[in-house]
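Here's the structure, in structure tokens; my notes come after.
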Amino acid sequence: MSLDVSPALLEQAERGDVDEAAFVDCVRTSLPYAWEMISSLVAQLKVDGGEFADNQTPPPDEQARGQLLRALASDAIRGALQRHFGVRLAFQNCHRVAVFPLDSSSDERLSRFTSIRGQLLNQSPTLRDC
């Protein structure tokens, strides 16, 4: 299971309308490694500025890796995180998470990061288990 959904949040979903802040809180508590990774990158981007901030350190274990995969492979989770933090998220190799500003100042850099070429250049034999 990807998320630890409370009965109250599940009841909201069954009724039709879901409070996005409650959903984001569910993601925060269910996927703490992914949440911390993304929130620290957002803070880094705000402090350092620049076109983007990224993580290049593999997760410490499979549980952490799984959290990143669940957070970034789900359109609903990824979209909610992007709206919550006010960034665009990009992802490579099961651990390289990057955050980009919403404005168009980093569009070219985001395109390079998410390109086929960018993916190929980010390969490493040490990441084969990714």
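Letters for chains follow the order of the structure tokens (A, B, ...), residue numbers begin at 1 for each chain, and ligand numbers begin at 1 in the order shown.
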| stretch 24-40 of chain A surroundings by only C-alpha atoms, 9 Å radius, close-in-sequence under 3 positions cut, as a VMD selection string | chain A and resid 2 to 6 9 19 to 21 43 to 45 55 59 63 to 72 77 80 to 81 84 to 85 89 97 to 99
| Could you pull out all residues of stretch 52-120 of chain A with a DSSP call of alpha helix (DSSP H) and give them as a count of residues only? | 35
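In this model, the gap between atom CA of A:Leu102 and atom CA of A:Val87 comes to 5.2 Å.
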| request: For atom CA of A:Asp48 and atom CA of A:Pro60, quote the distance in Å rounded to one decimal. | output: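 These two atoms are separated by 25.2 Å.
DSSP, applied to the backbone of this structure, assigns strand (DSSP E or B) to the following residues of chain A: Ala53, Asp54, Val87, Arg88, Leu89, Ala90, Phe91, Gln92, Arg96, Val97, Ala98, Val99, Phe100 and Pro101 of chain A.
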| message | For a quick check of understanding, using only C-alpha atoms, which of A:Gly50, A:Thr57, A:Val42, A:Arg83 has the smallest distance to A:His95? | response | A:Thr57
| atom CA of A:Asp17 to atom CA of A:Ser74: how many Å, to one decimal? |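 Pair atom CA of A:Asp17 / atom CA of A:Ser74 returns 18.9 Å.
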